[in-house]
$ cat input17.cif   # mmCIF, C-alpha atoms and all ligand atoms
data_query
#
loop_
_atom_site.label_atom_id
_atom_site.label_comp_id
_atom_site.auth_asym_id
_atom_site.auth_seq_id
_atom_site.Cartn_x
_atom_site.Cartn_y
_atom_site.Cartn_z
CA MET Q 13 0.04 13.99 -6.67
CA HIS Q 14 1.92 13.61 -9.95
CA CYS Q 15 4.24 10.83 -11.07
CA GLN Q 16 7.37 10.70 -8.89
CA ARG Q 17 9.54 8.65 -11.25
CA GLU Q 18 12.31 11.25 -11.22
CA LYS Q 19 12.97 10.38 -7.56
CA PHE Q 20 13.88 6.81 -8.51
CA ASN Q 21 16.64 5.13 -10.48
CA LEU Q 22 14.48 2.82 -12.59
CA ASP Q 23 15.92 2.19 -16.06
CA PRO Q 24 13.93 4.14 -18.68
CA GLU Q 25 12.91 1.04 -20.65
CA ILE Q 26 11.53 -0.75 -17.56
CA THR Q 27 7.89 -0.68 -16.50
CA TYR Q 28 8.00 -1.72 -12.87
CA LEU Q 29 4.59 -2.76 -11.55
CA ASN Q 30 5.90 -4.97 -8.77
CA CYS Q 31 6.26 -3.03 -5.52
CA SER Q 32 4.47 -5.95 -3.87
CA TYR Q 33 7.65 -7.91 -4.60
CA MET Q 34 10.21 -5.25 -3.65
CA SER Q 35 10.29 -1.47 -3.78
CA PRO Q 36 12.82 0.24 -6.01
CA GLN Q 37 15.15 2.38 -3.94
CA MET Q 38 14.74 6.14 -4.07
CA LYS Q 39 17.73 8.15 -5.29
CA GLN Q 40 17.94 9.96 -1.97
CA LEU Q 41 18.33 6.60 -0.18
CA GLU Q 42 21.19 5.65 -2.48
CA ALA Q 43 23.00 8.87 -1.54
CA ILE Q 44 22.39 8.30 2.18
CA GLY Q 45 23.51 4.67 1.78
CA ILE Q 46 26.87 5.72 0.31
CA ASP Q 47 27.42 8.18 3.17
CA VAL Q 48 26.59 5.67 5.89
CA MET Q 49 28.79 3.02 4.26
CA LYS Q 50 31.72 5.46 4.15
CA ARG Q 51 31.22 6.25 7.79
CA GLN Q 52 31.80 2.57 8.66
CA GLY Q 53 35.45 3.21 7.77
CA LYS Q 54 35.67 5.67 10.64
CA PRO Q 55 34.07 3.93 13.64
CA TYR Q 56 35.47 6.61 15.95
CA THR Q 57 32.85 9.00 14.51
CA TYR Q 58 30.02 7.05 16.17
CA SER Q 59 28.89 8.42 19.51
CA ILE Q 60 26.53 6.86 22.05
CA ASN Q 61 23.83 9.02 20.53
CA ASP Q 62 24.18 7.13 17.22
CA PHE Q 63 22.99 3.94 18.93
CA PHE Q 64 19.72 5.56 19.99
CA GLU Q 65 18.78 8.75 18.15
CA PRO Q 66 18.27 7.42 14.57
CA VAL Q 67 16.21 4.52 15.96
CA ALA Q 68 14.11 6.97 17.98
CA GLN Q 69 13.54 9.02 14.81
CA LEU Q 70 12.56 5.90 12.88
CA LYS Q 71 10.03 4.94 15.56
CA LYS Q 72 8.61 8.45 15.53
CA ALA Q 73 8.29 8.50 11.72
CA PHE Q 74 6.55 5.12 11.71
CA ALA Q 75 4.32 6.14 14.64
CA ASP Q 76 3.24 9.18 12.60
CA LEU Q 77 2.59 7.00 9.55
CA ILE Q 78 0.26 4.64 11.45
CA GLU Q 79 -1.25 7.37 13.64
CA THR Q 80 -0.14 6.48 17.12
CA GLU Q 81 1.19 9.05 19.55
CA THR Q 82 3.39 6.53 21.31
CA PRO Q 83 6.66 5.73 19.49
CA ASP Q 84 7.58 3.52 22.47
CA ARG Q 85 4.98 1.09 21.11
CA ILE Q 86 7.19 0.54 18.05
CA ALA Q 87 9.88 -2.14 17.97
CA ILE Q 88 12.59 -2.63 15.35
CA VAL Q 89 12.46 -6.04 13.70
CA PRO Q 90 14.63 -7.64 11.01
CA SER Q 91 11.72 -9.47 9.37
CA VAL Q 92 8.01 -10.11 9.64
CA SER Q 93 8.67 -13.60 10.99
CA TYR Q 94 10.67 -12.05 13.85
CA GLY Q 95 7.85 -9.66 14.76
CA LEU Q 96 5.32 -12.48 14.64
CA ALA Q 97 7.57 -14.75 16.73
CA ASN Q 98 7.30 -12.19 19.53
CA VAL Q 99 3.52 -12.50 19.22
CA ALA Q 100 3.65 -16.31 19.20
CA ASN Q 101 5.84 -16.24 22.32
CA ASN Q 102 3.17 -14.40 24.28
CA LEU Q 103 -0.03 -16.04 23.07
CA HIS Q 104 -0.40 -18.56 25.93
CA LEU Q 105 -2.70 -20.68 23.80
CA LYS Q 106 -4.87 -23.28 25.47
CA GLU Q 107 -6.05 -26.62 24.13
CA GLY Q 108 -9.01 -26.22 21.78
CA GLU Q 109 -8.43 -22.53 21.11
CA GLU Q 110 -8.19 -21.25 17.56
CA ILE Q 111 -5.97 -18.93 15.58
CA LEU Q 112 -7.96 -17.61 12.67
CA VAL Q 113 -6.26 -16.84 9.35
CA ALA Q 114 -7.34 -16.19 5.77
CA ASP Q 115 -6.68 -18.79 3.10
CA GLU Q 116 -3.25 -18.79 1.45
CA GLN Q 117 -1.68 -16.18 3.70
CA PHE Q 118 2.01 -15.46 3.39
CA PRO Q 119 3.92 -18.40 4.97
CA SER Q 120 5.65 -16.31 7.69
CA ASN Q 121 2.13 -15.53 8.93
CA ILE Q 122 1.23 -19.25 9.11
CA TYR Q 123 4.28 -21.19 10.27
CA ALA Q 124 4.52 -19.22 13.54
CA TRP Q 125 0.98 -20.23 14.44
CA GLN Q 126 1.25 -23.85 13.33
CA ARG Q 127 4.03 -24.48 15.83
CA VAL Q 128 2.36 -22.89 18.87
CA ALA Q 129 -0.98 -24.47 17.92
CA ASP Q 130 0.61 -27.94 17.71
CA GLU Q 131 2.36 -27.45 21.04
CA ALA Q 132 -0.88 -26.39 22.77
CA LYS Q 133 -3.22 -28.81 20.94
CA ALA Q 134 -4.92 -25.73 19.58
CA LYS Q 135 -5.92 -25.16 15.96
CA VAL Q 136 -5.09 -22.87 13.05
CA LYS Q 137 -8.46 -22.26 11.42
CA ILE Q 138 -8.29 -21.20 7.78
CA VAL Q 139 -11.15 -19.24 6.23
CA PRO Q 140 -11.28 -19.80 2.46
CA PRO Q 141 -12.77 -17.37 -0.06
CA PRO Q 142 -15.91 -18.45 -1.91
CA THR Q 143 -15.25 -20.26 -5.18
CA ALA Q 144 -17.58 -18.00 -7.18
CA GLN Q 145 -16.23 -14.62 -8.28
CA LYS Q 146 -19.46 -12.71 -7.73
CA ASP Q 147 -19.29 -10.79 -4.43
CA ARG Q 148 -16.12 -12.74 -3.57
CA GLY Q 149 -14.55 -10.12 -1.28
CA LYS Q 150 -17.81 -9.38 0.49
CA ILE Q 151 -18.63 -13.04 1.11
CA TRP Q 152 -15.07 -13.82 2.23
CA ASN Q 153 -15.18 -11.00 4.79
CA GLU Q 154 -18.55 -12.23 6.06
CA ALA Q 155 -17.14 -15.75 6.43
CA ILE Q 156 -14.20 -14.39 8.46
CA LEU Q 157 -16.54 -12.52 10.79
CA THR Q 158 -18.73 -15.61 11.23
CA ALA Q 159 -15.68 -17.74 12.05
CA ILE Q 160 -14.74 -15.53 15.05
CA THR Q 161 -16.16 -17.20 18.17
CA ASP Q 162 -15.36 -17.61 21.87
CA GLN Q 163 -12.82 -20.23 20.76
CA THR Q 164 -10.83 -17.61 18.84
CA LYS Q 165 -7.63 -16.59 20.61
CA MET Q 166 -6.38 -14.41 17.77
CA VAL Q 167 -7.13 -13.33 14.23
CA ALA Q 168 -3.84 -13.00 12.31
CA ILE Q 169 -4.47 -11.40 8.95
CA GLY Q 170 -3.28 -8.75 6.49
CA HIS Q 171 -5.09 -5.53 5.68
CA VAL Q 172 -5.02 -6.80 2.10
CA HIS Q 173 -4.35 -10.31 0.83
CA TRP Q 174 -0.76 -10.45 -0.42
CA LYS Q 175 -1.68 -12.36 -3.59
CA ASP Q 176 -4.52 -10.27 -4.98
CA GLY Q 177 -5.15 -7.24 -2.78
CA THR Q 178 -8.52 -8.40 -1.39
CA LEU Q 179 -9.32 -5.93 1.40
CA PHE Q 180 -10.08 -7.29 4.82
CA ASP Q 181 -12.48 -5.18 6.84
CA LEU Q 182 -10.25 -4.69 9.86
CA LYS Q 183 -12.74 -2.42 11.61
CA ALA Q 184 -15.46 -5.08 11.56
CA ILE Q 185 -12.95 -7.79 12.49
CA ARG Q 186 -11.75 -5.67 15.42
CA GLU Q 187 -15.31 -5.20 16.67
CA LYS Q 188 -16.00 -8.94 16.51
CA THR Q 189 -12.67 -9.90 18.13
CA ASN Q 190 -13.39 -7.45 20.93
CA LYS Q 191 -16.76 -9.10 21.52
CA HIS Q 192 -15.09 -12.50 21.88
CA GLY Q 193 -11.97 -11.36 23.74
CA ALA Q 194 -9.68 -12.29 20.84
CA LEU Q 195 -6.48 -10.57 19.71
CA LEU Q 196 -6.10 -8.92 16.32
CA VAL Q 197 -2.61 -9.16 14.82
CA ILE Q 198 -2.03 -7.60 11.43
CA ASP Q 199 0.68 -8.23 8.88
CA GLY Q 200 0.89 -4.78 7.29
CA THR Q 201 3.72 -5.65 4.90
CA GLN Q 202 1.59 -5.44 1.76
CA SER Q 203 -0.38 -2.35 2.72
CA VAL Q 204 1.18 0.05 5.25
CA GLY Q 205 2.84 2.84 3.30
CA ALA Q 206 0.39 2.70 0.39
CA LEU Q 207 -2.99 2.14 2.06
CA PRO Q 208 -4.00 4.35 5.01
CA PHE Q 209 -3.90 2.57 8.34
CA SER Q 210 -4.67 4.17 11.68
CA VAL Q 211 -4.00 2.66 15.08
CA LYS Q 212 -6.61 5.09 16.39
CA GLU Q 213 -9.23 3.50 14.17
CA ILE Q 214 -8.33 -0.20 14.34
CA TYR Q 215 -6.59 -0.57 17.75
CA PRO Q 216 -4.62 -3.63 16.63
CA ASP Q 217 -2.90 -5.74 19.28
CA ALA Q 218 0.09 -5.91 16.96
CA LEU Q 219 0.95 -4.64 13.49
CA ILE Q 220 4.07 -6.03 11.85
CA CYS Q 221 5.56 -4.53 8.67
CA GLY Q 222 8.46 -5.64 6.55
CA GLY Q 223 10.26 -2.51 5.34
CA TYR Q 224 11.23 -3.34 1.75
CA LYS Q 225 7.90 -3.16 -0.05
CA TRP Q 226 5.40 -0.33 0.50
CA LEU Q 227 7.56 1.32 3.17
CA MET Q 228 10.18 1.70 0.40
CA GLY Q 229 13.06 0.84 2.70
CA PRO Q 230 15.91 -1.66 2.49
CA TYR Q 231 15.59 -5.44 2.82
CA SER Q 232 16.14 -6.85 6.35
CA LEU Q 233 14.67 -4.01 8.40
CA GLY Q 234 11.06 -3.70 9.50
CA VAL Q 235 8.93 -2.11 12.18
CA ALA Q 236 6.31 -3.50 14.51
CA TYR Q 237 3.66 -1.94 16.73
CA TYR Q 238 2.68 -3.82 19.89
CA GLY Q 239 -0.38 -2.79 21.89
CA PRO Q 240 -1.02 -3.00 25.65
CA TYR Q 241 -1.58 -6.80 25.62
CA PHE Q 242 2.18 -7.17 25.05
CA ASP Q 243 3.38 -4.59 27.60
CA ASN Q 244 4.63 -7.13 30.12
CA GLY Q 245 5.39 -9.94 27.68
CA ILE Q 246 8.52 -11.97 27.10
CA PRO Q 247 10.66 -11.10 24.05
CA ILE Q 248 12.21 -13.89 21.98
CA GLU Q 249 15.72 -12.68 22.80
CA GLU Q 250 17.36 -10.59 25.50
CA ASN Q 251 19.64 -7.82 24.35
CA TRP Q 252 21.29 -5.08 26.35
CA LEU Q 253 19.90 -2.20 24.27
CA ASN Q 254 16.36 -3.07 25.34
CA ARG Q 255 17.12 -2.70 29.03
CA LEU Q 256 16.50 0.47 31.01
CA ASN Q 257 19.34 3.02 31.04
CA SER Q 258 21.30 1.22 28.32
CA GLU Q 259 22.35 4.71 27.17
CA ASP Q 260 24.77 4.70 30.12
CA PHE Q 261 27.64 2.70 28.63
CA THR Q 262 29.63 2.90 31.86
CA GLY Q 263 26.99 0.99 33.83
CA LEU Q 264 26.27 -1.89 31.44
CA VAL Q 265 27.47 -4.58 33.83
CA ASP Q 266 25.30 -3.26 36.62
CA TYR Q 267 22.89 -5.76 35.09
CA GLN Q 268 19.49 -4.25 34.71
CA PRO Q 269 16.36 -6.37 35.32
CA LEU Q 270 13.97 -3.79 33.84
CA TYR Q 271 13.18 -3.25 30.19
CA ARG Q 272 12.79 0.11 28.49
CA PRO Q 273 9.08 0.99 28.34
CA LEU Q 274 6.26 -0.63 26.36
CA ALA Q 275 7.30 -2.38 23.12
CA ASN Q 276 11.03 -1.59 23.36
CA ARG Q 277 11.68 -5.07 24.76
CA TYR Q 278 10.73 -6.61 21.40
CA SER Q 279 13.38 -4.89 19.29
CA VAL Q 280 16.03 -7.09 17.70
CA GLY Q 281 19.62 -7.09 18.97
CA GLU Q 282 21.88 -4.58 17.19
CA GLN Q 283 18.76 -2.61 16.33
CA SER Q 284 20.90 0.52 15.94
CA ASN Q 285 21.84 -0.88 12.50
CA PHE Q 286 23.92 2.08 11.30
CA ILE Q 287 23.47 1.23 7.61
CA LEU Q 288 19.80 0.32 7.30
CA THR Q 289 18.17 2.58 9.90
CA PRO Q 290 18.88 5.90 8.10
CA LEU Q 291 17.53 4.37 4.86
CA LEU Q 292 14.20 3.20 6.27
CA LEU Q 293 13.91 6.47 8.19
CA ALA Q 294 14.33 8.56 5.01
CA ALA Q 295 11.86 6.36 3.14
CA ILE Q 296 9.13 6.65 5.79
CA GLN Q 297 9.70 10.39 6.13
CA GLN Q 298 9.12 10.69 2.37
CA LEU Q 299 5.91 8.65 2.66
CA ASN Q 300 4.74 10.97 5.44
CA THR Q 301 5.50 13.97 3.23
CA TRP Q 302 3.55 12.52 0.30
CA GLY Q 303 0.71 11.31 2.53
CA VAL Q 304 -0.41 7.68 2.31
CA ASP Q 305 -3.96 8.72 1.36
CA GLN Q 306 -2.48 10.59 -1.62
CA ILE Q 307 -0.46 7.52 -2.64
CA GLN Q 308 -3.55 5.31 -2.57
CA ALA Q 309 -5.54 7.93 -4.50
CA TYR Q 310 -2.75 8.21 -7.09
CA CYS Q 311 -2.65 4.42 -7.58
CA GLN Q 312 -6.40 4.47 -8.07
CA GLN Q 313 -6.19 7.33 -10.56
CA ILE Q 314 -3.60 5.64 -12.80
CA THR Q 315 -5.25 2.20 -12.76
CA THR Q 316 -8.97 2.99 -13.18
CA ALA Q 317 -9.07 3.13 -17.02
CA ALA Q 318 -6.96 -0.02 -17.51
CA ILE Q 319 -9.00 -1.98 -14.98
CA ALA Q 320 -12.24 -1.05 -16.76
CA GLU Q 321 -10.79 -2.38 -20.03
CA MET Q 322 -9.51 -5.55 -18.38
CA ARG Q 323 -13.00 -6.20 -17.04
CA ASP Q 324 -14.36 -5.63 -20.56
CA MET Q 325 -12.03 -8.47 -21.58
CA ASP Q 326 -13.82 -10.69 -19.00
CA LEU Q 327 -10.80 -10.76 -16.72
CA PHE Q 328 -11.67 -10.97 -13.04
CA ILE Q 329 -10.52 -8.20 -10.72
CA GLU Q 330 -12.03 -7.98 -7.25
CA ALA Q 331 -14.82 -5.39 -6.81
CA ASP Q 332 -13.38 -1.91 -6.25
CA ASN Q 333 -14.68 -1.57 -2.68
CA HIS Q 334 -13.17 -4.94 -1.72
CA ARG Q 335 -9.65 -4.46 -3.05
CA SER Q 336 -6.78 -2.02 -2.77
CA ALA Q 337 -5.64 0.21 -5.64
CA HIS Q 338 -1.92 -0.35 -5.02
CA LEU Q 339 -2.12 -4.14 -5.18
CA PHE Q 340 -4.64 -6.12 -7.15
CA GLY Q 341 -4.89 -9.44 -8.93
CA VAL Q 342 -6.02 -10.03 -12.48
CA THR Q 343 -7.31 -13.57 -12.76
CA LEU Q 344 -6.56 -14.92 -16.22
CA ASN Q 345 -9.29 -16.78 -18.09
CA ASP Q 346 -9.07 -19.35 -20.88
CA LYS Q 347 -9.17 -16.64 -23.55
CA ILE Q 348 -5.64 -15.61 -22.58
CA ASN Q 349 -2.64 -17.70 -23.57
CA PRO Q 350 -0.37 -17.44 -20.48
CA ASP Q 351 2.79 -18.20 -22.49
CA LEU Q 352 2.01 -15.45 -24.99
CA LEU Q 353 1.37 -13.10 -22.08
CA LYS Q 354 4.65 -13.89 -20.38
CA ASN Q 355 6.51 -13.40 -23.66
CA ALA Q 356 4.74 -10.10 -24.34
CA LEU Q 357 5.57 -8.83 -20.86
CA GLU Q 358 9.19 -9.85 -21.23
CA THR Q 359 9.50 -8.17 -24.63
CA ALA Q 360 7.87 -4.98 -23.31
CA LYS Q 361 10.05 -5.15 -20.14
CA ILE Q 362 7.04 -5.01 -17.84
CA LEU Q 363 7.52 -6.49 -14.40
CA VAL Q 364 4.60 -7.97 -12.46
CA SER Q 365 4.26 -11.15 -10.38
CA PHE Q 366 2.36 -14.31 -11.14
CA ARG Q 367 0.62 -16.01 -8.23
CA GLY Q 368 -1.26 -19.13 -9.34
CA ASN Q 369 -3.52 -18.23 -12.28
CA ALA Q 370 -3.53 -14.57 -11.32
CA MET Q 371 -1.24 -11.75 -12.29
CA ARG Q 372 -0.41 -9.51 -9.34
CA ILE Q 373 -0.04 -5.83 -10.17
CA GLY Q 374 1.65 -3.55 -7.65
CA PRO Q 375 1.84 0.05 -8.95
CA ASN Q 376 3.24 2.94 -6.97
CA VAL Q 377 4.09 6.61 -7.29
CA TYR Q 378 6.77 6.09 -9.98
CA ASN Q 379 4.16 4.60 -12.35
CA ASP Q 380 1.70 6.43 -14.56
CA GLU Q 381 -1.29 5.64 -16.76
CA ALA Q 382 0.97 4.87 -19.71
CA ASP Q 383 2.51 1.97 -17.73
CA LEU Q 384 -0.92 0.44 -17.22
CA ALA Q 385 -1.76 1.01 -20.89
CA LYS Q 386 1.37 -0.99 -21.85
CA LEU Q 387 0.27 -3.82 -19.59
CA LEU Q 388 -3.18 -3.78 -21.14
CA ASP Q 389 -1.62 -3.94 -24.58
CA CYS Q 390 0.25 -7.13 -23.59
CA LEU Q 391 -2.99 -8.69 -22.36
CA LYS Q 392 -4.68 -7.85 -25.67
CA LYS Q 393 -1.79 -9.38 -27.63
CA SER Q 394 -2.17 -12.60 -25.64
CA ILE Q 395 -5.78 -13.37 -26.55
CA LYS Q 396 -5.98 -16.81 -28.16
CA LYS Q 397 -6.79 -16.72 -31.87
CA GLY Q 398 -9.77 -18.49 -33.48
C1 LIG Q 401 2.30 -10.39 3.33
C2 LIG Q 401 3.76 -10.62 3.54
N1 LIG Q 401 4.23 -10.75 4.78
C3 LIG Q 401 5.54 -10.95 5.00
C4 LIG Q 401 6.45 -11.02 3.98
C5 LIG Q 401 7.90 -11.22 4.28
O1 LIG Q 401 8.08 -12.03 5.43
P1 LIG Q 401 9.50 -12.19 6.12
O2 LIG Q 401 9.93 -10.84 6.56
O3 LIG Q 401 9.25 -13.12 7.26
O4 LIG Q 401 10.44 -12.74 5.10
C6 LIG Q 401 5.99 -10.91 2.66
C7 LIG Q 401 6.92 -11.03 1.52
O5 LIG Q 401 6.52 -11.17 0.38
C8 LIG Q 401 4.61 -10.70 2.44
O6 LIG Q 401 4.11 -10.57 1.20
#
$ encode --input "input17.cif" --output "structure tokens"
Amino acid sequence: MHCQREKFNLDPEITYLNCSYMSPQMKQLEAIGIDVMKRQGKPYTYSINDFFEPVAQLKKAFADLIETETPDRIAIVPSVSYGLANVANNLHLKEGEEILVADEQFPSNIYAWQRVADEAKAKVKIVPPPTAQKDRGKIWNEAILTAITDQTKMVAIGHVHWKDGTLFDLKAIREKTNKHGALLVIDGTQSVGALPFSVKEIYPDALICGGYKWLMGPYSLGVAYYGPYFDNGIPIEENWLNRLNSEDFTGLVDYQPLYRPLANRYSVGEQSNFILTPLLLAAIQQLNTWGVDQIQAYCQQITTAAIAEMRDMDLFIEADNHRSAHLFGVTLNDKINPDLLKNALETAKILVSFRGNAMRIGPNVYNDEADLAKLLDCLKKSIKKG
């Protein structure tokens, strides 16, 4: 793969290394967006098919991306919290049971569990990373595996940590959860689209993805996979589109007790979303064309040299086999003046995120090695004198 910057509208002076915050929109999505907005002025052009077909295509594209042959296992969600609320609604936690999470997870992937745990007198068990940097990712993963016991009802975790890209060994976690009869629910928001994920390999019970980061779609539309555990569950809302035969607009008040198959019951009301659906669909189709493995390999290729130099500066970056290439943290040390660094980044128009004492770098296909070299230059300029 080569740099895809020409497919995006980023201003030439901007170095955008922050896809973990929000993806820039591809030019082709902008064009589609204008068309779909114009169409809103002519509602008579929408047919019944428009309520169903684009959504079906979106489910198929996402099913291909995560390697499942069953698009009916995909639901349309407006946010990660919505997708996780459907999980929380069907957990049936008992007193003393545990929901296992990694330390400092994204809040949407904590609050949902705190409420159901409180209600059931169950517990949210947090597994912290080790304090030492040596073998941090390895030791953290081992601690997570050790913490899974017969008490564990569910492990709710990302494929990577949203703050620094630490990789969680989902395959090993799945094996251990299976042994103890626990669910595995994954927040794929910071990985799916840039880091290969296969349902056929991990068999998650649920995988929830916000659409506006690595899926390169618009804000407020996401996708969620629900496995067999959820097939007969109760959705958090009841909407007519999720019921069987809702395509037959003439029979809508012959109220239908049955849902459409598998995960369809978990889709949000007004899921047909005529504006956002075509945008997320086009974005995921482009990801499928590029190939997620190629995207990950490209991110690795453009970051390798800069990361080696950052390590030479005694900056901590997780070991390569325990972090992703598309999202990684650079922990600042006391040789770096953080104010100088922030000024240098601002002057050079480089965008990254700061999370605690770490800088979060989120490159993607519109970046190249020169972008990372500019970032490195800012770090060098920020070394304290004397
Ligand atoms: C890991 C992770 N999950 C979820 C979200 C977004 O959650 P929600 O859709 O509930 O706003 C983010 C946003 O930064 C995130 O980083």
$ closest_residue --input "input17.cif" --among "Q:Asp199, Q:Asp84, Q:Glu18, Q:Glu65" --to "ligand LIG 401 (chain Q)" --atoms "only C-alpha atoms and all ligand atoms"
Q:Asp199
$ residues_around --input "input17.cif" --residues "region 173-177 of chain Q" --least-positions-apart "4" --cutoff "10 Å" --atoms "only C-alpha atoms" --output "JSON, numbers by chain"
{"Q": [32, 33, 114, 115, 116, 117, 118, 149, 169, 199, 200, 201, 202, 203, 329, 330, 334, 335, 336, 337, 338, 339, 340, 341, 342, 343, 365, 366, 367, 368, 370, 371, 372, 373, 374]}
$ write_last_selection --input "input17.cif" --atoms "C-alpha atoms" --output "PDB file, in the coordinates of the input"
ATOM      1  CA  SER Q  32       4.470  -5.950  -3.870  1.00  0.00           C
ATOM      2  CA  TYR Q  33       7.650  -7.910  -4.600  1.00  0.00           C
ATOM      3  CA  ALA Q 114      -7.340 -16.190   5.770  1.00  0.00           C
ATOM      4  CA  ASP Q 115      -6.680 -18.790   3.100  1.00  0.00           C
ATOM      5  CA  GLU Q 116      -3.250 -18.790   1.450  1.00  0.00           C
ATOM      6  CA  GLN Q 117      -1.680 -16.180   3.700  1.00  0.00           C
ATOM      7  CA  PHE Q 118       2.010 -15.460   3.390  1.00  0.00           C
ATOM      8  CA  GLY Q 149     -14.550 -10.120  -1.280  1.00  0.00           C
ATOM      9  CA  ILE Q 169      -4.470 -11.400   8.950  1.00  0.00           C
ATOM     10  CA  ASP Q 199       0.680  -8.230   8.880  1.00  0.00           C
ATOM     11  CA  GLY Q 200       0.890  -4.780   7.290  1.00  0.00           C
ATOM     12  CA  THR Q 201       3.720  -5.650   4.900  1.00  0.00           C
ATOM     13  CA  GLN Q 202       1.590  -5.440   1.760  1.00  0.00           C
ATOM     14  CA  SER Q 203      -0.380  -2.350   2.720  1.00  0.00           C
ATOM     15  CA  ILE Q 329     -10.520  -8.200 -10.720  1.00  0.00           C
ATOM     16  CA  GLU Q 330     -12.030  -7.980  -7.250  1.00  0.00           C
ATOM     17  CA  HIS Q 334     -13.170  -4.940  -1.720  1.00  0.00           C
ATOM     18  CA  ARG Q 335      -9.650  -4.460  -3.050  1.00  0.00           C
ATOM     19  CA  SER Q 336      -6.780  -2.020  -2.770  1.00  0.00           C
ATOM     20  CA  ALA Q 337      -5.640   0.210  -5.640  1.00  0.00           C
ATOM     21  CA  HIS Q 338      -1.920  -0.350  -5.020  1.00  0.00           C
ATOM     22  CA  LEU Q 339      -2.120  -4.140  -5.180  1.00  0.00           C
ATOM     23  CA  PHE Q 340      -4.640  -6.120  -7.150  1.00  0.00           C
ATOM     24  CA  GLY Q 341      -4.890  -9.440  -8.930  1.00  0.00           C
ATOM     25  CA  VAL Q 342      -6.020 -10.030 -12.480  1.00  0.00           C
ATOM     26  CA  THR Q 343      -7.310 -13.570 -12.760  1.00  0.00           C
ATOM     27  CA  SER Q 365       4.260 -11.150 -10.380  1.00  0.00           C
ATOM     28  CA  PHE Q 366       2.360 -14.310 -11.140  1.00  0.00           C
ATOM     29  CA  ARG Q 367       0.620 -16.010  -8.230  1.00  0.00           C
ATOM     30  CA  GLY Q 368      -1.260 -19.130  -9.340  1.00  0.00           C
ATOM     31  CA  ALA Q 370      -3.530 -14.570 -11.320  1.00  0.00           C
ATOM     32  CA  MET Q 371      -1.240 -11.750 -12.290  1.00  0.00           C
ATOM     33  CA  ARG Q 372      -0.410  -9.510  -9.340  1.00  0.00           C
ATOM     34  CA  ILE Q 373      -0.040  -5.830 -10.170  1.00  0.00           C
ATOM     35  CA  GLY Q 374       1.650  -3.550  -7.650  1.00  0.00           C
TER      36      GLY Q 374
END
$ closest_residue --input "input17.cif" --among "Q:Ile287, Q:Ile348, Q:Val99, Q:Ala320" --to "Asp62 (chain Q)" --atoms "all atoms listed in the file"
Q:Ile287
$ closest_residue --input "input17.cif" --among "Q:Asn355, Q:Ser232, Q:Asn98, Q:Asn153" --to "ligand LIG 401 (chain Q)" --atoms "all atoms listed in the file"
Q:Ser232
$ atom_distance --input "input17.cif" --atom1 "CA of Ala73 (chain Q)" --atom2 "CA of Ile296 (chain Q)"
6.3 Å
$ build_atoms --input "input17.cif" --residues "region 113-124 of chain Q" --atoms "N, CA and C atoms" --output "PDB file, keeping the file's coordinate frame"
ATOM      1  N   VAL Q 113      -7.017 -17.464  10.437  1.00  0.00           N
ATOM      2  CA  VAL Q 113      -6.260 -16.840   9.350  1.00  0.00           C
ATOM      3  C   VAL Q 113      -7.075 -16.920   8.064  1.00  0.00           C
ATOM      4  N   ALA Q 114      -6.704 -16.102   7.086  1.00  0.00           N
ATOM      5  CA  ALA Q 114      -7.340 -16.190   5.770  1.00  0.00           C
ATOM      6  C   ALA Q 114      -6.592 -17.240   4.948  1.00  0.00           C
ATOM      7  N   ASP Q 115      -7.274 -17.765   3.960  1.00  0.00           N
ATOM      8  CA  ASP Q 115      -6.680 -18.790   3.100  1.00  0.00           C
ATOM      9  C   ASP Q 115      -5.443 -18.245   2.373  1.00  0.00           C
ATOM     10  N   GLU Q 116      -4.452 -19.095   2.237  1.00  0.00           N
ATOM     11  CA  GLU Q 116      -3.250 -18.790   1.450  1.00  0.00           C
ATOM     12  C   GLU Q 116      -2.541 -17.513   1.899  1.00  0.00           C
ATOM     13  N   GLN Q 117      -2.460 -17.328   3.189  1.00  0.00           N
ATOM     14  CA  GLN Q 117      -1.680 -16.180   3.700  1.00  0.00           C
ATOM     15  C   GLN Q 117      -0.203 -16.408   3.443  1.00  0.00           C
ATOM     16  N   PHE Q 118       0.564 -15.346   3.571  1.00  0.00           N
ATOM     17  CA  PHE Q 118       2.010 -15.460   3.390  1.00  0.00           C
ATOM     18  C   PHE Q 118       2.562 -16.435   4.456  1.00  0.00           C
ATOM     19  N   PRO Q 119       3.477 -17.330   4.059  1.00  0.00           N
ATOM     20  CA  PRO Q 119       3.920 -18.400   4.970  1.00  0.00           C
ATOM     21  C   PRO Q 119       4.447 -17.930   6.332  1.00  0.00           C
ATOM     22  N   SER Q 120       5.147 -16.774   6.380  1.00  0.00           N
ATOM     23  CA  SER Q 120       5.650 -16.310   7.690  1.00  0.00           C
ATOM     24  C   SER Q 120       4.497 -16.089   8.661  1.00  0.00           C
ATOM     25  N   ASN Q 121       3.316 -15.804   8.108  1.00  0.00           N
ATOM     26  CA  ASN Q 121       2.130 -15.530   8.930  1.00  0.00           C
ATOM     27  C   ASN Q 121       1.276 -16.797   9.102  1.00  0.00           C
ATOM     28  N   ILE Q 122       1.896 -17.956   8.899  1.00  0.00           N
ATOM     29  CA  ILE Q 122       1.230 -19.250   9.110  1.00  0.00           C
ATOM     30  C   ILE Q 122       2.122 -20.150   9.981  1.00  0.00           C
ATOM     31  N   TYR Q 123       3.396 -20.254   9.577  1.00  0.00           N
ATOM     32  CA  TYR Q 123       4.280 -21.190  10.270  1.00  0.00           C
ATOM     33  C   TYR Q 123       4.372 -20.894  11.776  1.00  0.00           C
ATOM     34  N   ALA Q 124       4.418 -19.602  12.114  1.00  0.00           N
ATOM     35  CA  ALA Q 124       4.520 -19.220  13.540  1.00  0.00           C
ATOM     36  C   ALA Q 124       3.359 -19.808  14.333  1.00  0.00           C
TER      37      ALA Q 124
END
